[in-house]
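Asks: I have a structure here, written as structure tokens, and I will follow up with some questions on it.
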Amino acid sequence: LVEALPGLEDAATTRELKVAIKLHLEETRDHVSRIDEAARSLGIELDPRPCPVMAALIGSARERLGGLHGERHQVTGGDKRGILALFIF
């Protein structure tokens with residue numbers, strides 16, 4: 001998710017949507033940091049493999065946008081709710 005959100009932010013065409021995605025990215029980075037810290041303090045080694053559920057959600061968002069990389073696609077109008085729903089849990 002941390003790797004996918006910047007592309008989604010770039011695809012957003014409204015300031016409101018860009019800000020919402022950027023804030024979500026910052027919160028997600030904070031969550032990752034806290035999970036890493038908790039695992040270290042408990043002596044747990046985290047599995048570095050991608051989560052299949054998260055990969056499916058990201059894949060769905062990329063499919064809806066026609067791919068987040070390469071050709072530029074915009075997120076506007078009706079796309080906002082559907083795409084944001086994929087990333088806000």
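Every chain in the structure tokens has a letter given in the order shown (A, B, ...), and although residue numbers restart at 1 in each chain, ligands are simply numbered from 1 in the order shown.
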Find the residues around region 24-41 of chain A up to 10 Å (only C-alpha atoms counted), leave out those fewer than 2 positions away in its own chain, and share them as a PyMOL selection string.

Replies: chain A and resi 1-6+9+18-22+43-46+84+87-88

Asks: Create the file for the chosen residues now, containing all heavy atoms and written as a compact mmCIF listing (two decimals), in the first residue's frame.

Replies:
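Contents of the output file selection.txt:
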# COMPACT_ATOMS: atom_id res chain seq x y z
N LEU A 1 0.83 -1.19 0.00
CA LEU A 1 0.00 0.00 0.00
C LEU A 1 0.88 1.25 0.00
O LEU A 1 0.58 2.20 -0.72
CB LEU A 1 -0.93 -0.02 1.21
CG LEU A 1 -1.97 1.08 1.29
CD1 LEU A 1 -2.85 1.12 0.07
CD2 LEU A 1 -2.81 0.90 2.53
N VAL A 2 1.94 1.23 0.78
CA VAL A 2 2.84 2.38 0.83
C VAL A 2 3.43 2.65 -0.56
O VAL A 2 3.64 3.80 -0.93
CB VAL A 2 3.96 2.16 1.87
CG1 VAL A 2 5.04 3.21 1.77
CG2 VAL A 2 3.37 2.15 3.28
N GLU A 3 3.66 1.61 -1.32
CA GLU A 3 4.23 1.78 -2.66
C GLU A 3 3.17 2.19 -3.68
O GLU A 3 3.49 2.83 -4.68
CB GLU A 3 4.91 0.49 -3.10
CG GLU A 3 6.13 0.16 -2.27
CD GLU A 3 6.71 -1.21 -2.60
OE1 GLU A 3 6.29 -1.82 -3.60
OE2 GLU A 3 7.58 -1.65 -1.85
N ALA A 4 1.91 1.84 -3.47
CA ALA A 4 0.85 2.11 -4.44
C ALA A 4 0.22 3.49 -4.29
O ALA A 4 -0.20 4.09 -5.28
CB ALA A 4 -0.24 1.05 -4.32
N LEU A 5 0.13 4.00 -3.09
CA LEU A 5 -0.57 5.26 -2.87
C LEU A 5 0.03 6.46 -3.60
O LEU A 5 -0.73 7.31 -4.08
CB LEU A 5 -0.71 5.55 -1.37
CG LEU A 5 -1.78 4.72 -0.65
CD1 LEU A 5 -1.72 4.97 0.85
CD2 LEU A 5 -3.16 4.99 -1.19
N PRO A 6 1.36 6.58 -3.71
CA PRO A 6 1.87 7.74 -4.45
C PRO A 6 1.38 7.78 -5.90
O PRO A 6 1.08 8.86 -6.42
CB PRO A 6 3.40 7.56 -4.38
CG PRO A 6 3.60 6.83 -3.09
CD PRO A 6 2.45 5.85 -3.04
N GLU A 9 -2.11 9.03 -5.81
CA GLU A 9 -2.10 10.49 -5.55
C GLU A 9 -1.79 11.25 -6.84
O GLU A 9 -2.43 12.26 -7.15
CB GLU A 9 -1.07 10.83 -4.48
CG GLU A 9 -1.03 12.31 -4.13
CD GLU A 9 0.06 12.65 -3.13
OE1 GLU A 9 0.75 11.77 -2.62
OE2 GLU A 9 0.21 13.85 -2.86
N LYS A 18 -6.19 14.56 -3.66
CA LYS A 18 -4.74 14.44 -3.46
C LYS A 18 -4.38 14.53 -1.98
O LYS A 18 -3.57 13.75 -1.47
CB LYS A 18 -3.99 15.52 -4.25
CG LYS A 18 -3.94 15.27 -5.74
CD LYS A 18 -3.13 16.38 -6.42
CE LYS A 18 -3.06 16.17 -7.90
NZ LYS A 18 -2.19 15.09 -8.31
N VAL A 19 -5.00 15.48 -1.27
CA VAL A 19 -4.74 15.65 0.16
C VAL A 19 -5.18 14.42 0.94
O VAL A 19 -4.47 13.93 1.81
CB VAL A 19 -5.41 16.94 0.69
CG1 VAL A 19 -5.39 16.98 2.21
CG2 VAL A 19 -4.74 18.17 0.11
N ALA A 20 -6.36 13.89 0.60
CA ALA A 20 -6.87 12.71 1.31
C ALA A 20 -5.94 11.51 1.12
O ALA A 20 -5.63 10.79 2.07
CB ALA A 20 -8.28 12.36 0.82
N ILE A 21 -5.47 11.31 -0.09
CA ILE A 21 -4.57 10.19 -0.37
C ILE A 21 -3.23 10.40 0.32
O ILE A 21 -2.66 9.46 0.89
CB ILE A 21 -4.40 9.98 -1.89
CG1 ILE A 21 -5.74 9.54 -2.49
CG2 ILE A 21 -3.31 8.95 -2.18
CD1 ILE A 21 -5.79 9.57 -4.01
N LYS A 22 -2.73 11.63 0.29
CA LYS A 22 -1.45 11.93 0.95
C LYS A 22 -1.54 11.68 2.47
O LYS A 22 -0.64 11.10 3.06
CB LYS A 22 -1.03 13.37 0.67
CG LYS A 22 0.33 13.70 1.23
CD LYS A 22 0.77 15.08 0.81
CE LYS A 22 2.18 15.30 1.27
NZ LYS A 22 2.86 16.34 0.53
N GLY A 43 10.67 -9.37 19.65
CA GLY A 43 11.58 -10.35 19.08
C GLY A 43 10.94 -11.18 17.98
O GLY A 43 11.34 -12.33 17.75
N ILE A 44 9.96 -10.61 17.29
CA ILE A 44 9.27 -11.32 16.22
C ILE A 44 9.85 -10.90 14.88
O ILE A 44 10.03 -9.72 14.61
CB ILE A 44 7.76 -10.99 16.25
CG1 ILE A 44 7.12 -11.46 17.55
CG2 ILE A 44 7.04 -11.59 15.04
CD1 ILE A 44 5.70 -10.98 17.74
N GLU A 45 10.13 -11.88 14.04
CA GLU A 45 10.59 -11.59 12.68
C GLU A 45 9.37 -11.58 11.76
O GLU A 45 8.65 -12.58 11.66
CB GLU A 45 11.59 -12.65 12.21
CG GLU A 45 12.23 -12.29 10.89
CD GLU A 45 13.36 -13.24 10.54
OE1 GLU A 45 14.05 -13.71 11.46
OE2 GLU A 45 13.53 -13.49 9.35
N LEU A 46 9.14 -10.45 11.12
CA LEU A 46 7.97 -10.32 10.25
C LEU A 46 8.23 -10.98 8.90
O LEU A 46 9.34 -10.98 8.40
CB LEU A 46 7.62 -8.85 10.05
CG LEU A 46 7.22 -8.10 11.31
CD1 LEU A 46 6.98 -6.63 11.00
CD2 LEU A 46 5.96 -8.71 11.91
N LEU A 84 -11.11 5.38 -3.64
CA LEU A 84 -10.79 5.60 -2.23
C LEU A 84 -11.28 4.44 -1.37
O LEU A 84 -10.63 4.07 -0.40
CB LEU A 84 -11.38 6.91 -1.73
CG LEU A 84 -10.58 8.14 -2.08
CD1 LEU A 84 -11.29 9.40 -1.55
CD2 LEU A 84 -9.18 8.08 -1.54
N PHE A 87 -8.81 1.80 -0.63
CA PHE A 87 -7.66 2.10 0.22
C PHE A 87 -7.99 2.56 1.62
O PHE A 87 -7.11 2.69 2.45
CB PHE A 87 -6.77 3.14 -0.46
CG PHE A 87 -6.12 2.59 -1.68
CD1 PHE A 87 -6.60 2.88 -2.92
CD2 PHE A 87 -5.04 1.72 -1.57
CE1 PHE A 87 -6.01 2.35 -4.05
CE2 PHE A 87 -4.46 1.18 -2.67
CZ PHE A 87 -4.94 1.49 -3.92
N ILE A 88 -9.25 2.83 1.90
CA ILE A 88 -9.62 3.26 3.24
C ILE A 88 -10.37 2.12 3.91
O ILE A 88 -11.44 1.75 3.47
CB ILE A 88 -10.46 4.54 3.19
CG1 ILE A 88 -9.63 5.66 2.56
CG2 ILE A 88 -10.93 4.92 4.60
CD1 ILE A 88 -10.37 6.94 2.36

Asks: Just the number, please: distance in Å from CA of Cys51 (chain A) to CA of Glu16 (chain A), one decimal.

Replies: 28.9 Å
